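Structure first, commentary second.
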Amino acid sequence: HGVRQPRNPWSDGPEYVTQCPIKPGANFSYEIIFSTEEGTLWYHAHSDWSRATVHGPIIIYPKIGTTYPFPKFDADYPIVLASWFKGDVMEIIQTALANGGEPNNSDAFTINGQPGDLYNCSKPGTFRIMVDYGKTYLLRIIGAVMNEEMFFSVADHNLTVVGMDGAYLKPFKTNYVLITPGQTMNVLLTANQPRSHYYMAARASAGASYDNTTTTAIIQYTGNYTAPLTPAFPYLPNYTDINAVTNFTDRLKALASKEHPVDVPKSIDKRLFITVSVNTLPCANNSCQGPNGSRLAASLNNVSFTDPEIDVLQAYYRRIRGVYRTDFPSFPPYVFNYTSDSLPLALWTTRRGTKVIVLKHNSNVEIVLQGTNLTAGAENHPIHLHGFSFYVIGSGFGNYDNQTAPKGFNLVDPPELNTVGVPKNGWSVIRFKADNPGVWFMHCHFDRHTSWGMDTVFIV
């Protein structure tokens with residue numbers, strides 16, 4: 001996830017986009033090509049919901065002869081935030097797709113595979129990091145949670161954010177971070193508090209449906225002292241604190257140094273305006289568990305992506321007709337007040353299709369991602385693009401205004417990400433150069449939304 005794989009979509013992974021799923025008992029050898037990435041990325045399965053348990057960190061060190069553009073640290077630790085389901089995750093999503101309703105929420109969140117001290121588990125399981133007073137540690141936080149964005153914090157310790165999605169940021173101090181599924185974040189922590197035990201904790205930033213539990217791990221100082229009966233607990237914003245989300249994301253700025261420059265496209269060759277929606281599809285006799293007996297679905301520009309029987313890459317490369325269409329709309333088919341509190345039921349229904357976007361090689365692309373409140377299901381959507389990183393040059397709430405919004409674009413030091421959280425009832429604007437030929441998936445990294453069709457494919 002986040003590795004650009006230059007000219008190598010054959011090993012990118014998403015089922016029915018670049019390859020067919022690996023059959024049970026079979027195997028597939030991936031060729032991973034690194035280019036400009038530096039920092040923390042990750043890998044995960046890309047078939048149904050199997051990434052819930054098949055995932056792990058990828059750590060890319062600075063090139064030999066160079067160093068990190070921030071103060072030296074003494075040790076680093078991956079911190080993988082993930083979801084835990086008591087049931088079989090594949091059965092959970094298949095059942096939801098069959099009945100048309102919401103899939104079950106996770107039963108717990110985990111930090112490095114352990115839920116922590118706040119769950120009634122069959123046996124204790126809490127991850128611990130041993131730290132020495134005065135030393136600095138790099139936490140490589142990975143957002144592997146399935147369907148929730150997460151607040152993360154460490155009791156009584158400031159965090160210094162220095163990188164995200166395999167690129168460097170201007171360092172800034174904070175007492176919490178907000179990380180979406182798909183994102184990775186490098187954070188410095190200095191062990192400068194009295195020797196004791198301190199919780200690190202994570203919980204959801206509320207969506208339309210979410211797990212409201214809290215996962216914990218422990219920062220444990222070395223040395224001789226009396227351990228507390230209960231570790232100190234950190235500040236975490238409330239589930240519904242939109243200001244906490246915005247206050248954090250507004251501080252993300254690219255390092256933009258001589259050694260790590262930005263190259264934001266200024267002249268645009270291809271503009272796309274894409275609505276990001278949760279929708280419905282009709283069910284016979286209104287027999288499904290979605291709104292008004294319908295089936296829940298999701299879409300980009302009212303196209304709910306349908307997996308083809310032959311992967312798009314093979315169909316494109318071998319010129320197999322009838323697998324996909326190239327008429328994905330560059331603009332929404334219906335213009336309306338996207339973020340209204342009340343929207344007509346007629347707008348809720350989407351259409352299924354396997355439609356792709358064709359981009360010319362080396363064209364400069366700008367995409368406005370506009371969230372909607374269809375089905376009253378507005379939430380922050382983490383949109384991930386394979387094969388590229390992009391610059392997030394602007395975001396805001398309400399409906400995007402192409403007269404006023406561009407005046408606030410950051411073309412100097414926008415963060416370079418591979419996953420952007422499109423604000424609840426708001427919009428984000430991204431730019432990138434389409435310099436990587438291939439077939440590349442773009443999708444919401446909430447897995448239930450991917451399953452419902454909030455996806456499309458770029459062919460460069």
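Convention: chains lettered A, B, ... in structure tokens order; per-chain residue numbering from 1; ligands numbered from 1 as shown.
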
Among segment 30-254 of chain A, which residues does DSSP mark as helix (DSSP H, G or I) when it is run on the backbone? Keep the chain and numbering as in the structure and answer as a ChimeraX atom specification. /A:50-52,89-99,242-249

Taking only residues of segment 62-93 of chain A that have an atom at most 12 Å from an atom of segment 247-262 of chain A, what is each one's shortest atom pair and its distance in Å to one decimal, using only C-alpha atoms, in chain and number order, as a tab-separated table?
```
residue	atom	partner	partner_atom	distance
A:Pro62	CA	A:His260	CA	11.4
A:Lys63	CA	A:Glu259	CA	11.7
A:Thr66	CA	A:Glu259	CA	9.6
A:Thr67	CA	A:Glu259	CA	10.5
A:Tyr68	CA	A:Glu259	CA	10.5
A:Pro69	CA	A:Leu255	CA	8.8
A:Phe70	CA	A:Leu255	CA	10.3
```

Now that the selection is made, can you save its residues with C-alpha atoms as an mmCIF file, in the first residue's frame?
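Contents of out-v1.cif, as written:
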```
data_model
loop_
_atom_site.group_PDB
_atom_site.id
_atom_site.type_symbol
_atom_site.label_atom_id
_atom_site.label_comp_id
_atom_site.auth_asym_id
_atom_site.auth_seq_id
_atom_site.Cartn_x
_atom_site.Cartn_y
_atom_site.Cartn_z
ATOM 1 C CA PRO A 62 16.814 6.981 3.846
ATOM 2 C CA LYS A 63 19.223 6.341 1.003
ATOM 3 C CA THR A 66 21.603 10.612 3.645
ATOM 4 C CA THR A 67 19.760 10.865 6.929
ATOM 5 C CA TYR A 68 16.376 11.729 8.393
ATOM 6 C CA PRO A 69 15.406 15.410 8.134
ATOM 7 C CA PHE A 70 14.516 15.544 11.826
#
```

Skipping near chain neighbours, those fewer than 6 positions away, what residues fall within 7 Å of Ala45 of chain A using only C-alpha atoms, listed as a compact mmCIF listing (two decimals) with N, CA, C and O atoms, in the first residue's frame?
```
# COMPACT_ATOMS: atom_id res chain seq x y z
N ARG A 51 -7.94 -8.26 4.33
CA ARG A 51 -6.89 -7.41 4.90
C ARG A 51 -7.05 -7.21 6.40
O ARG A 51 -6.13 -6.73 7.07
N VAL A 54 -4.56 -9.90 7.25
CA VAL A 54 -3.36 -10.05 6.41
C VAL A 54 -2.79 -8.67 6.13
O VAL A 54 -3.21 -7.99 5.18
N HIS A 55 -1.88 -8.22 6.97
CA HIS A 55 -1.29 -6.89 6.81
C HIS A 55 -0.02 -6.79 7.64
O HIS A 55 0.22 -7.62 8.54
```

Atom pair atom CA of His46 of chain A + atom CA of Arg7 of chain A, distance 19.5 Å

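Closest approach to Ser389 of chain A from the set A:Ala434, A:Ala208, A:Leu369, A:Leu138 is made by A:Ala434, with distances taken over only C-alpha atoms.
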
- Neighbours of Asn337 of chain A within 10 Å (only C-alpha atoms; same-chain residues fewer than 5 positions away dropped), as a PyMOL selection string? chain A and resi 342-343+372-373+398-399

Could you save the residues just selected, with N, CA and C atoms, as a PDB file, in the first residue's frame?
```pdb
ATOM      1  N   SER A 342     -31.365  17.336   3.941  1.00  0.00           N
ATOM      2  CA  SER A 342     -32.477  16.538   3.425  1.00  0.00           C
ATOM      3  C   SER A 342     -32.385  16.499   1.905  1.00  0.00           C
ATOM      4  N   LEU A 343     -32.258  15.278   1.365  1.00  0.00           N
ATOM      5  CA  LEU A 343     -32.123  15.107  -0.075  1.00  0.00           C
ATOM      6  C   LEU A 343     -33.200  14.153  -0.579  1.00  0.00           C
ATOM      7  N   THR A 372     -21.039  13.711  -0.146  1.00  0.00           N
ATOM      8  CA  THR A 372     -22.470  14.008  -0.177  1.00  0.00           C
ATOM      9  C   THR A 372     -23.143  13.456   1.074  1.00  0.00           C
ATOM     10  N   ASN A 373     -24.370  13.924   1.284  1.00  0.00           N
ATOM     11  CA  ASN A 373     -25.159  13.469   2.436  1.00  0.00           C
ATOM     12  C   ASN A 373     -26.311  12.570   1.993  1.00  0.00           C
ATOM     13  N   GLY A 398     -19.054  21.820   3.152  1.00  0.00           N
ATOM     14  CA  GLY A 398     -20.105  22.275   2.247  1.00  0.00           C
ATOM     15  C   GLY A 398     -19.814  21.873   0.819  1.00  0.00           C
ATOM     16  N   ASN A 399     -20.438  22.585  -0.117  1.00  0.00           N
ATOM     17  CA  ASN A 399     -20.274  22.289  -1.531  1.00  0.00           C
ATOM     18  C   ASN A 399     -19.075  23.048  -2.097  1.00  0.00           C
TER      19      ASN A 399
END
```

Excluding Cys444 of chain A and its own-chain neighbours fewer than 4 positions away, which residues fall within 12 Å of it when counting only C-alpha atoms? Please give them as a PDB file with C-alpha atoms, in the first residue's frame.
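Below is the file around_20.pdb, written as the result:
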```
ATOM      1  CA  MET A 146     -11.292  -1.602   8.581  1.00  0.00           C
ATOM      2  CA  ASN A 147     -14.073   0.993   8.759  1.00  0.00           C
ATOM      3  CA  GLU A 148     -13.167   3.816  11.162  1.00  0.00           C
ATOM      4  CA  GLU A 149     -10.792   6.748  11.290  1.00  0.00           C
ATOM      5  CA  THR A 180      -7.548   7.150   8.504  1.00  0.00           C
ATOM      6  CA  PRO A 181      -7.559   3.565   7.260  1.00  0.00           C
ATOM      7  CA  GLY A 182      -4.797   3.358   4.671  1.00  0.00           C
ATOM      8  CA  GLN A 183      -2.647   6.159   6.051  1.00  0.00           C
ATOM      9  CA  VAL A 276     -18.408  10.406  -3.107  1.00  0.00           C
ATOM     10  CA  SER A 277     -21.686   8.889  -1.926  1.00  0.00           C
ATOM     11  CA  VAL A 278     -23.386   6.146   0.019  1.00  0.00           C
ATOM     12  CA  ALA A 298     -21.877   3.319  -2.718  1.00  0.00           C
ATOM     13  CA  SER A 299     -20.596   5.216  -5.711  1.00  0.00           C
ATOM     14  CA  LEU A 300     -18.253   7.705  -7.314  1.00  0.00           C
ATOM     15  CA  PHE A 305     -18.200  -0.105  -9.400  1.00  0.00           C
ATOM     16  CA  LEU A 369     -13.628  14.892  -4.345  1.00  0.00           C
ATOM     17  CA  GLY A 371     -18.686  14.267  -0.204  1.00  0.00           C
ATOM     18  CA  GLU A 379     -18.904  10.699   6.890  1.00  0.00           C
ATOM     19  CA  ASN A 380     -15.234  11.331   6.313  1.00  0.00           C
ATOM     20  CA  HIS A 381     -14.146   9.144   3.359  1.00  0.00           C
ATOM     21  CA  PRO A 382     -10.487   8.040   3.161  1.00  0.00           C
ATOM     22  CA  ILE A 383      -9.907   7.927  -0.603  1.00  0.00           C
ATOM     23  CA  HIS A 384      -6.809   5.980  -1.684  1.00  0.00           C
ATOM     24  CA  LEU A 385      -5.166   6.013  -5.120  1.00  0.00           C
ATOM     25  CA  HIS A 386      -2.885   3.180  -6.213  1.00  0.00           C
ATOM     26  CA  ASN A 418      -1.659   8.389  -1.025  1.00  0.00           C
ATOM     27  CA  THR A 419      -4.853   8.456   1.085  1.00  0.00           C
ATOM     28  CA  VAL A 420      -6.874  11.603   1.796  1.00  0.00           C
ATOM     29  CA  GLY A 421      -9.713  11.937   4.277  1.00  0.00           C
ATOM     30  CA  VAL A 422     -12.470  13.780   2.396  1.00  0.00           C
ATOM     31  CA  ARG A 448     -17.613  -1.699   3.582  1.00  0.00           C
ATOM     32  CA  HIS A 449     -17.692   1.200   1.101  1.00  0.00           C
ATOM     33  CA  THR A 450     -15.243  -0.569  -1.215  1.00  0.00           C
ATOM     34  CA  SER A 451     -17.493  -3.641  -1.061  1.00  0.00           C
ATOM     35  CA  TRP A 452     -20.491  -1.459  -1.938  1.00  0.00           C
ATOM     36  CA  GLY A 453     -18.808   0.068  -5.012  1.00  0.00           C
ATOM     37  CA  MET A 454     -17.127   3.347  -3.953  1.00  0.00           C
ATOM     38  CA  ASP A 455     -14.337   2.628  -6.421  1.00  0.00           C
ATOM     39  CA  THR A 456     -13.084   3.298  -9.931  1.00  0.00           C
TER      40      THR A 456
END
```

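Between atom CA of Met200 of chain A and atom CA of Ile218 of chain A there is a distance of 5.8 Å.
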